[in-house]
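Novice: What follows is input-v7.cif, mmCIF, C-alpha atoms.
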data_start
#
loop_
_atom_site.label_atom_id
_atom_site.label_comp_id
_atom_site.auth_asym_id
_atom_site.auth_seq_id
_atom_site.Cartn_x
_atom_site.Cartn_y
_atom_site.Cartn_z
CA MET A 158 3.24 16.75 -49.61
CA LYS A 159 6.33 16.59 -47.41
CA LEU A 160 6.65 14.98 -43.98
CA ARG A 161 9.07 16.01 -41.24
CA VAL A 162 9.28 14.31 -37.84
CA TRP A 163 11.39 15.05 -34.78
CA ARG A 164 11.66 14.01 -31.15
CA GLN A 165 10.87 16.25 -28.20
CA THR A 166 11.83 15.46 -24.60
CA LEU A 167 9.35 16.73 -22.00
CA HIS A 168 10.36 17.16 -18.37
CA LEU A 169 7.82 16.44 -15.65
CA THR A 170 7.34 18.88 -12.80
CA TYR A 171 7.18 15.95 -10.37
CA THR A 172 8.20 12.31 -10.79
CA TRP A 173 5.22 10.69 -12.52
CA THR A 174 4.22 7.33 -11.04
CA ILE A 175 1.31 5.06 -11.90
CA ALA A 176 0.72 1.40 -11.04
CA ARG A 177 2.99 0.30 -13.95
CA GLY A 178 6.06 2.46 -13.23
CA SER A 179 7.70 5.88 -12.80
CA ALA A 180 9.30 8.53 -15.02
CA ASN A 181 10.82 12.00 -14.74
CA GLU A 182 10.57 12.75 -18.45
CA ALA A 183 8.67 11.65 -21.51
CA GLN A 184 9.57 11.61 -25.17
CA VAL A 185 7.08 12.47 -27.88
CA VAL A 186 7.39 12.74 -31.65
CA LEU A 187 6.15 15.81 -33.51
CA ALA A 188 5.10 15.55 -37.15
CA GLU A 189 4.73 18.31 -39.72
CA LEU A 190 3.01 17.87 -43.07
CA SER A 191 3.37 20.58 -45.70
CA ASP A 192 2.05 20.79 -49.25
CA PRO A 193 3.12 22.92 -52.21
CA ASP A 194 0.50 25.60 -51.61
CA GLY A 195 2.11 26.41 -48.27
CA THR A 196 -0.46 24.75 -45.99
CA VAL A 197 1.16 23.15 -42.94
CA GLY A 198 -0.35 20.67 -40.50
CA LEU A 199 1.10 19.77 -37.11
CA GLY A 200 0.63 16.53 -35.17
CA GLU A 201 2.04 14.65 -32.22
CA ALA A 202 2.65 11.05 -31.18
CA SER A 203 2.82 10.17 -27.50
CA PRO A 204 3.73 6.47 -27.76
CA ILE A 205 2.40 4.14 -25.07
CA ALA A 206 4.86 1.52 -23.81
CA ARG A 207 1.89 -0.56 -22.59
CA TYR A 208 1.21 -1.27 -26.28
CA ALA A 209 4.87 -1.85 -27.27
CA GLU A 210 5.16 1.61 -28.82
CA SER A 211 8.12 3.96 -28.53
CA VAL A 212 9.59 7.01 -30.25
CA GLU A 213 11.66 4.53 -32.28
CA SER A 214 8.55 2.65 -33.46
CA VAL A 215 6.88 5.95 -34.39
CA GLU A 216 9.91 7.04 -36.40
CA ALA A 217 10.15 3.62 -38.08
CA PHE A 218 6.50 3.82 -39.16
CA CYS A 219 6.92 7.35 -40.48
CA ARG A 220 9.91 6.23 -42.58
CA GLN A 221 7.53 3.88 -44.41
CA VAL A 222 5.13 6.69 -45.28
CA ASP A 223 5.06 8.03 -48.82
CA ALA A 224 3.97 11.58 -48.04
CA ALA A 225 2.81 12.01 -51.64
CA ARG A 226 -0.02 9.59 -50.78
CA LEU A 227 -1.34 11.95 -48.10
CA SER A 228 -3.70 14.84 -48.77
CA PHE A 229 -5.30 17.61 -46.75
CA GLY A 230 -8.14 17.36 -49.26
CA ASP A 231 -9.00 13.73 -48.42
CA VAL A 232 -8.21 12.81 -44.84
CA ALA A 233 -10.23 9.57 -44.98
CA ALA A 234 -8.32 8.22 -48.00
CA SER A 235 -5.04 9.26 -46.38
CA MET A 236 -5.93 7.29 -43.25
CA ASN A 237 -6.90 4.26 -45.33
CA TYR A 238 -3.43 4.38 -46.86
CA LEU A 239 -1.77 4.65 -43.44
CA ASP A 240 -3.84 1.81 -42.01
CA ALA A 241 -2.79 -0.40 -44.92
CA LEU A 242 0.91 0.22 -44.26
CA ALA A 243 1.05 -1.73 -41.00
CA PRO A 244 -1.29 -2.83 -38.23
CA GLY A 245 -1.18 -1.07 -34.87
CA ASN A 246 1.20 1.90 -34.63
CA MET A 247 -1.69 3.94 -33.31
CA SER A 248 0.39 6.75 -31.82
CA ALA A 249 2.24 7.24 -35.13
CA LYS A 250 -1.06 7.27 -37.00
CA CYS A 251 -2.37 9.71 -34.41
CA ALA A 252 0.41 12.19 -35.19
CA LEU A 253 -0.29 12.03 -38.91
CA ASN A 254 -4.07 12.17 -38.52
CA VAL A 255 -3.85 15.26 -36.32
CA ALA A 256 -1.49 16.89 -38.83
CA LEU A 257 -3.86 16.04 -41.69
CA LEU A 258 -6.86 17.54 -39.90
CA ASP A 259 -4.88 20.59 -38.83
CA GLY A 260 -3.99 21.25 -42.47
CA ALA A 261 -7.49 20.43 -43.76
CA ALA A 262 -9.15 22.78 -41.26
CA ARG A 263 -6.61 25.53 -41.95
CA ARG A 264 -7.44 25.27 -45.65
CA ALA A 265 -11.13 25.59 -44.77
CA LYS A 266 -10.28 28.58 -42.56
CA GLN A 267 -11.95 26.89 -39.59
CA PRO A 268 -10.83 25.51 -36.25
CA ILE A 269 -11.00 21.72 -36.21
CA TYR A 270 -14.06 21.66 -33.94
CA GLU A 271 -16.01 23.63 -36.55
CA PHE A 272 -14.54 21.59 -39.41
CA LEU A 273 -15.99 18.49 -37.67
CA GLY A 274 -19.35 20.17 -37.05
CA LEU A 275 -19.00 20.08 -33.27
CA GLY A 276 -18.43 23.63 -32.09
CA PHE A 277 -16.78 24.47 -28.77
CA ARG A 278 -18.32 26.20 -25.75
CA ASP A 279 -15.50 28.32 -24.44
CA ARG A 280 -14.97 28.27 -20.65
CA HIS A 281 -17.53 25.48 -20.27
CA HIS A 282 -15.46 22.30 -20.22
CA VAL A 283 -13.51 21.40 -17.06
CA THR A 284 -10.49 19.12 -17.03
CA SER A 285 -9.33 17.17 -14.01
CA PHE A 286 -5.75 17.57 -12.75
CA SER A 287 -3.85 14.32 -12.21
CA ILE A 288 -1.96 13.40 -9.05
CA GLY A 289 0.51 10.57 -9.55
CA ILE A 290 1.35 7.92 -6.94
CA ASP A 291 3.79 9.26 -4.35
CA THR A 292 4.56 9.45 -0.64
CA PRO A 293 1.82 10.95 1.53
CA GLU A 294 3.99 14.05 2.09
CA MET A 295 4.41 14.59 -1.67
CA ILE A 296 0.72 13.88 -2.30
CA ARG A 297 -0.21 16.68 0.10
CA LYS A 298 2.29 18.99 -1.63
CA LYS A 299 0.96 18.18 -5.11
CA VAL A 300 -2.67 18.59 -4.07
CA LEU A 301 -1.99 21.97 -2.47
CA ALA A 302 -0.10 23.07 -5.60
CA ALA A 303 -3.18 22.10 -7.63
CA ALA A 304 -5.53 24.15 -5.47
CA ASP A 305 -6.80 26.15 -8.48
CA TYR A 306 -8.08 23.02 -10.21
CA PRO A 307 -11.64 22.06 -9.20
CA VAL A 308 -11.39 18.32 -9.93
CA LEU A 309 -8.54 15.90 -9.22
CA LYS A 310 -7.66 12.52 -10.67
CA LEU A 311 -5.70 10.26 -8.32
CA LYS A 312 -3.54 7.37 -9.48
CA VAL A 313 -3.70 4.31 -7.21
CA GLY A 314 -2.73 0.64 -7.32
CA VAL A 315 0.02 0.25 -4.70
CA PRO A 316 0.06 -1.03 -1.08
CA ASP A 317 0.02 2.59 0.22
CA ASP A 318 -3.30 3.46 -1.46
CA LYS A 319 -5.08 4.16 1.84
CA ALA A 320 -2.34 6.53 3.01
CA ILE A 321 -2.28 8.24 -0.40
CA MET A 322 -6.01 8.93 -0.31
CA ALA A 323 -5.82 10.07 3.30
CA ALA A 324 -3.07 12.53 2.39
CA LEU A 325 -5.13 13.88 -0.50
CA ARG A 326 -8.11 14.39 1.79
CA GLU A 327 -5.98 16.23 4.35
CA ALA A 328 -5.11 18.76 1.66
CA ALA A 329 -8.49 18.82 -0.15
CA PRO A 330 -11.26 17.45 2.11
CA GLU A 331 -14.21 17.80 -0.27
CA LYS A 332 -12.79 18.24 -3.76
CA PRO A 333 -14.26 15.87 -6.40
CA VAL A 334 -11.82 13.06 -7.21
CA ARG A 335 -11.63 10.48 -9.98
CA VAL A 336 -9.62 7.37 -9.13
CA ASP A 337 -7.51 5.54 -11.73
CA ALA A 338 -6.21 2.06 -10.88
CA ASN A 339 -4.52 1.43 -14.27
CA GLU A 340 -5.42 -2.30 -14.20
CA ALA A 341 -3.79 -2.76 -10.78
CA TRP A 342 -6.46 -4.88 -9.04
CA LYS A 343 -6.04 -8.38 -10.39
CA THR A 344 -9.20 -10.09 -9.07
CA LYS A 345 -12.80 -9.00 -8.99
CA GLU A 346 -12.92 -9.50 -5.22
CA THR A 347 -9.89 -7.26 -4.63
CA ALA A 348 -11.32 -4.64 -6.97
CA LEU A 349 -14.71 -4.66 -5.22
CA GLU A 350 -13.09 -4.40 -1.79
CA ASN A 351 -11.11 -1.34 -2.88
CA ILE A 352 -14.06 0.27 -4.62
CA GLU A 353 -16.34 -0.22 -1.60
CA ARG A 354 -13.70 1.41 0.60
CA LEU A 355 -13.38 4.37 -1.78
CA ALA A 356 -17.16 4.72 -2.08
CA LYS A 357 -17.35 5.71 1.58
CA ASP A 358 -15.98 9.04 0.41
CA PRO A 359 -18.99 10.90 -1.06
CA HIS A 360 -16.77 13.01 -3.34
CA ILE A 361 -15.33 10.15 -5.41
CA GLN A 362 -16.87 10.43 -8.88
CA PHE A 363 -15.84 7.15 -10.55
CA ILE A 364 -13.16 4.47 -10.85
CA GLU A 365 -11.10 4.07 -14.00
CA GLN A 366 -9.91 0.65 -15.28
CA PRO A 367 -10.01 -1.24 -11.96
CA MET A 368 -8.97 -4.60 -13.48
CA PRO A 369 -6.67 -5.73 -16.30
CA ASP A 370 -7.90 -5.46 -19.86
CA VAL A 371 -7.36 -9.23 -20.23
CA SER A 372 -9.76 -10.04 -17.38
CA ASP A 373 -12.56 -12.50 -18.02
CA PRO A 374 -15.56 -10.45 -19.21
CA LYS A 375 -17.71 -12.37 -16.73
CA ASP A 376 -15.58 -10.98 -13.89
CA LEU A 377 -15.94 -7.45 -15.25
CA VAL A 378 -19.73 -7.86 -15.49
CA TRP A 379 -19.78 -9.25 -11.93
CA LEU A 380 -17.87 -6.19 -10.73
CA LYS A 381 -20.06 -3.74 -12.66
CA GLU A 382 -23.21 -5.25 -11.14
CA ARG A 383 -21.86 -4.81 -7.60
CA SER A 384 -19.80 -1.65 -7.81
CA PRO A 385 -21.17 1.28 -5.76
CA LEU A 386 -19.27 3.65 -8.08
CA PRO A 387 -19.34 4.01 -11.88
CA LEU A 388 -16.55 2.15 -13.69
CA PHE A 389 -14.76 3.60 -16.72
CA ALA A 390 -12.78 1.64 -19.30
CA ASP A 391 -9.42 2.98 -20.44
CA GLU A 392 -7.09 0.16 -21.45
CA SER A 393 -10.23 -1.78 -22.44
CA TYR A 394 -11.45 0.85 -24.92
CA HIS A 395 -9.40 1.70 -27.99
CA HIS A 396 -11.77 1.96 -30.95
CA ALA A 397 -15.46 2.14 -31.75
CA LYS A 398 -15.42 -1.62 -32.35
CA ASP A 399 -14.78 -2.17 -28.62
CA VAL A 400 -18.06 -0.52 -27.68
CA ALA A 401 -20.19 -3.65 -27.23
CA HIS A 402 -17.71 -5.18 -24.77
CA CYS A 403 -17.45 -1.94 -22.80
CA ALA A 404 -21.21 -1.38 -22.72
CA GLU A 405 -21.52 -4.78 -21.07
CA CYS A 406 -18.65 -4.36 -18.58
CA PHE A 407 -18.41 -0.63 -17.76
CA HIS A 408 -20.49 2.49 -17.22
CA GLY A 409 -18.24 4.77 -19.27
CA VAL A 410 -15.10 4.96 -21.42
CA ASN A 411 -11.93 7.02 -21.55
CA VAL A 412 -10.89 7.82 -25.13
CA LYS A 413 -7.28 8.81 -25.84
CA LEU A 414 -6.13 9.98 -29.26
CA ALA A 415 -2.91 8.00 -28.87
CA LYS A 416 -5.06 4.83 -28.67
CA THR A 417 -7.59 5.67 -31.39
CA GLY A 418 -5.07 6.77 -34.01
CA GLY A 419 -5.96 10.45 -33.82
CA ILE A 420 -8.90 12.82 -33.91
CA SER A 421 -10.80 10.87 -36.57
CA GLY A 422 -10.70 7.64 -34.56
CA GLY A 423 -11.46 9.49 -31.34
CA PHE A 424 -14.47 11.14 -32.96
CA GLU A 425 -15.86 7.74 -33.98
CA ALA A 426 -15.06 6.11 -30.61
CA LEU A 427 -16.84 8.84 -28.69
CA LYS A 428 -19.89 8.83 -30.97
CA ALA A 429 -20.17 5.02 -30.71
CA ALA A 430 -19.96 5.14 -26.91
CA ARG A 431 -22.57 7.87 -26.63
CA LYS A 432 -24.91 5.95 -28.94
CA THR A 433 -24.84 2.95 -26.59
CA GLY A 434 -25.50 5.09 -23.51
CA LEU A 435 -21.97 4.98 -22.09
CA LYS A 436 -20.60 8.05 -20.33
CA THR A 437 -17.66 9.54 -22.20
CA MET A 438 -14.34 11.03 -21.20
CA ILE A 439 -11.36 12.11 -23.25
CA GLY A 440 -7.96 11.54 -21.67
CA CYS A 441 -4.31 11.95 -22.55
CA MET A 442 -0.75 10.86 -21.97
CA ILE A 443 2.13 13.19 -21.08
CA GLU A 444 1.84 15.47 -24.10
CA THR A 445 2.49 18.97 -25.40
CA SER A 446 -0.25 21.47 -26.15
CA VAL A 447 -0.38 20.07 -29.69
CA LEU A 448 -2.07 16.81 -28.70
CA ILE A 449 -3.88 18.30 -25.70
CA SER A 450 -5.44 20.92 -27.99
CA ALA A 451 -6.32 18.19 -30.50
CA ALA A 452 -8.27 16.38 -27.77
CA ALA A 453 -9.98 19.62 -26.71
CA HIS A 454 -11.54 19.93 -30.18
CA LEU A 455 -13.65 16.85 -29.29
CA ALA A 456 -14.80 18.20 -25.92
CA GLU A 457 -18.43 18.60 -26.99
CA LEU A 458 -18.70 14.80 -27.25
CA CYS A 459 -17.55 14.27 -23.66
CA ASP A 460 -19.15 14.15 -20.23
CA PHE A 461 -15.76 14.40 -18.53
CA LEU A 462 -12.31 15.66 -19.51
CA ASP A 463 -8.87 14.58 -18.35
CA ILE A 464 -6.56 16.47 -20.68
CA ASP A 465 -3.86 17.80 -18.41
CA GLY A 466 -0.69 16.16 -19.78
CA ASN A 467 0.73 19.55 -20.76
CA LEU A 468 0.05 20.88 -17.25
CA LEU A 469 2.27 18.20 -15.73
CA ILE A 470 5.43 19.27 -17.60
CA SER A 471 7.73 22.25 -17.09
CA ASP A 472 8.70 22.88 -20.72
CA ASP A 473 5.71 22.74 -23.06
CA PRO A 474 7.09 24.06 -26.38
CA TYR A 475 3.65 25.05 -27.74
CA LEU A 476 0.74 27.35 -26.97
CA GLY A 477 -2.82 26.23 -27.62
CA VAL A 478 -5.91 25.62 -25.51
CA SER A 479 -5.57 27.02 -21.99
CA ALA A 480 -6.84 25.53 -18.73
CA ALA A 481 -6.75 28.28 -16.12
CA GLN A 482 -8.53 26.96 -13.01
CA GLY A 483 -9.17 23.77 -14.99
CA ILE A 484 -11.55 25.46 -17.45
CA LEU A 485 -10.70 25.02 -21.13
CA SER A 486 -10.54 28.04 -23.37
CA PHE A 487 -9.38 28.78 -26.89
CA ALA A 488 -10.11 32.50 -26.40
CA GLY A 489 -6.44 33.40 -26.06
CA ALA A 490 -5.14 30.83 -28.53
CA PRO A 491 -2.58 32.35 -30.93
CA GLU A 492 -4.17 30.77 -34.02
CA LYS A 493 -7.77 30.98 -35.21
CA THR A 494 -7.87 27.95 -37.52
CA GLY A 495 -6.83 24.29 -37.48
CA LEU A 496 -5.54 23.09 -34.12
CA ARG A 497 -5.24 26.70 -32.96
CA VAL A 498 -1.69 25.95 -31.81
CA ARG A 499 1.59 27.80 -32.32
CA VAL A 500 5.15 27.21 -31.17
CA ARG A 501 5.93 29.07 -27.95
CA ALA A 502 8.14 32.13 -28.51
#
Written as structure tokens, that's how I'd like the structure from this file.
Specialist:
Amino acid sequence: MKLRVWRQTLHLTYTWTIARGSANEAQVVLAELSDPDGTVGLGEASPIARYAESVESVEAFCRQVDAARLSFGDVAASMNYLDALAPGNMSAKCALNVALLDGAARRAKQPIYEFLGLGFRDRHHVTSFSIGIDTPEMIRKKVLAAADYPVLKLKVGVPDDKAIMAALREAAPEKPVRVDANEAWKTKETALENIERLAKDPHIQFIEQPMPDVSDPKDLVWLKERSPLPLFADESYHHAKDVAHCAECFHGVNVKLAKTGGISGGFEALKAARKTGLKTMIGCMIETSVLISAAAHLAELCDFLDIDGNLLISDDPYLGVSAAQGILSFAGAPEKTGLRVRVRA
């Protein structure tokens, strides 16, 4: 087995702002595994600065990997080897796990969703379209540009939150909206005040990560008991082992492959959440169609989808799952097996 990694700079259509900061571009790392029989697997790392990850940390981890220890024929053993190399480094492990499953499913002549026994209902799953924090004028512009998407996700967590929501509603009065605070509300009282204000809008579906991950669990339970809207964990849910905490403190969870270490970890995290009665969503970072398509293969385990990172950039180098009008489809995907992804011509 041989491993090749390279950086890719992605340019955002609009400046991307959340409660923690802004960016006009994002860097990801692509990984390609190839074995002597000609099978090739493709993966992607979208490192999360919130967890002290970067393209440099991904590359450093990959330099430690002995590709001869990896096998398309035994993904579980390959992941055990990677986990033993170093703790953390989840985005790097994500890239390699996705590449391993891409190659394994290609060998089996199946798409990954069939390889995992899940299936995929084409044109059934709907993804939200994310609107980053911005001026009211730009919010209106972004919302109008996203008119074809039936569900929006709005980033909040700044002093102008009321004006931002008002601008969204001017452009889309009744469209369903999911609100993501990205840990911005530091006390349970502040969080409840904001949630109660938002709940006056009958088209708000739920609130994502209202308080910091490090919050006292008692405060999170207090908020859950009083919240008029469902609360979803994002930064608080990484792996299946976090499920007991999240079942106590939230109504649902947002799983991201960059947090779980890939499709295998995401599969387990979603199954664990569903088993405890939590609602499930799969999310993303700013990513190419490689990692977005990887997430789409787990759609059957999700109540909600937020896999639009490739829709927010102007130069996606790959073709994979499509999302016309927000509805996911592999029908026009250029490949029939594995990730069902190919480099854009």
Novice: Ranking A:Ala452, A:Val336, A:Ala490, A:Ala241 by minimum distance to A:Gly419 and counting all atoms listed in the file, which one comes first?
Specialist: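 So, comparing all the options, the nearest one is A:Ala452.
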Novice: Could I get the residues of stretch 380-470 of chain A with an atom no further than 10 Å from an atom of stretch 264-283 of chain A, each paired with its nearest atom pair and that distance in Å to one decimal, using only C-alpha atoms, sorted by chain and residue number, as a Markdown table?
Specialist:
| residue | atom | partner | partner_atom | distance |
| --- | --- | --- | --- | --- |
| A:Ile420 | CA | A:Ile269 | CA | 9.4 |
| A:Ser421 | CA | A:Leu273 | CA | 9.3 |
| A:Phe424 | CA | A:Leu273 | CA | 8.9 |
| A:Ser450 | CA | A:Ile269 | CA | 10.0 |
| A:Ala451 | CA | A:Ile269 | CA | 8.2 |
| A:Ala452 | CA | A:Tyr270 | CA | 10.0 |
| A:Ala453 | CA | A:Tyr270 | CA | 8.5 |
| A:His454 | CA | A:Tyr270 | CA | 4.8 |
| A:Leu455 | CA | A:Tyr270 | CA | 6.7 |
| A:Ala456 | CA | A:His282 | CA | 7.1 |
| A:Glu457 | CA | A:Phe277 | CA | 6.4 |
| A:Leu458 | CA | A:Leu275 | CA | 8.0 |
| A:Cys459 | CA | A:His282 | CA | 9.0 |
| A:Asp460 | CA | A:His282 | CA | 8.9 |
| A:Phe461 | CA | A:Val283 | CA | 7.5 |
| A:Leu462 | CA | A:Val283 | CA | 6.4 |
| A:Asp463 | CA | A:Val283 | CA | 8.3 |
| A:Ile464 | CA | A:Val283 | CA | 9.3 |
Novice: Pick out the residues sitting within 12 Å of A:Lys416, and hand them over as a count of residues only; count only C-alpha atoms, and ignore anything fewer than 5 positions along from it in its own chain.
Specialist: 33
Novice: What's the separation between atom CA of A:Gly260 and atom CA of A:Val232, in Å to one decimal place?
Specialist: 9.7 Å
Novice: Quick check, in Å to one decimal: how far apart do atom CA of A:Gln482 and atom CA of A:Pro307 lie?
Specialist: 6.9 Å
Novice: Find, counting only C-alpha atoms, the residue in A:Gly466, A:Gly230, A:Gly477, A:Pro491 that gets nearest to A:Glu182.
Specialist: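 Result for the nearest residue to A:Glu182: A:Gly466.
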Novice: Give as a list in words the residues that the PyMOL selection byres ((chain A and resi 370) around 7) matches when applied to the coordinates above.
Specialist: Glu340, Met368, Pro369, Val371, Ser372, Glu392 and Ser393 of chain A
Novice: Which is closer to A:Pro330 than all the others in A:Asp317, A:Asp194, A:Asp358, A:Glu350, using all atoms listed in the file?
Specialist: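 Closest to A:Pro330 of all the choices is A:Asp358.
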Novice: Could you check the closest approach to A:Ala304 for each of A:Glu346, A:Asp223, A:Asp318, A:Glu331 and tell me which residue wins, using all atoms listed in the file?
Specialist: A:Glu331
Novice: Once the PyMOL selection byres ((chain A and resi 180) around 12) has been applied to the shown file, what residues remain in the selection, as a PyMOL selection string?
Specialist: chain A and resi 167-179+181-184+289-290+443+469-470
Novice: What does the structure give for the distance between atom CA of A:Ala262 and atom CA of A:Ala480, in Å to one decimal?
Specialist: 22.8 Å
Novice: Any chance you could work out the residue set of the PyMOL selection byres ((chain A and resi 407) around 9) here, as a list in words?
Specialist: Gln366, Leu377, Val378, Leu380, Lys381, Pro387, Leu388, Phe389, Ala390, His402, Cys403, Ala404, Glu405, Cys406, His408, Gly409, Val410 and Leu435 of chain A
Novice: Which protein, DNA or RNA residues have an atom at most 8 Å from (12.8, 17.1, -36.8), counting all atoms listed in the file? List them as a count of residues only.
Specialist: 6
Novice: At a cut-off of 7 Å from (2.8, 1.2, -44.3) in the coordinates of the file, what residues are picked up using all atoms listed in the file, written as a list in words?
Specialist: Phe218, Gln221, Val222, Leu239, Ala241, Leu242 and Ala243 of chain A
Novice: Using all atoms listed in the file, which of A:Ser486, A:Thr494, A:Ser446, A:Thr292 sits nearest A:Asp473?
Specialist: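 The shortest atom-to-atom distance to A:Asp473 comes from A:Ser446.
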Novice: Closest to A:Leu427 among A:Leu414, A:Ala324, A:Met158, A:Ala303, using all atoms listed in the file?
Specialist: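 Ranking A:Leu414, A:Ala324, A:Met158, A:Ala303 by distance to A:Leu427, first place goes to A:Leu414.
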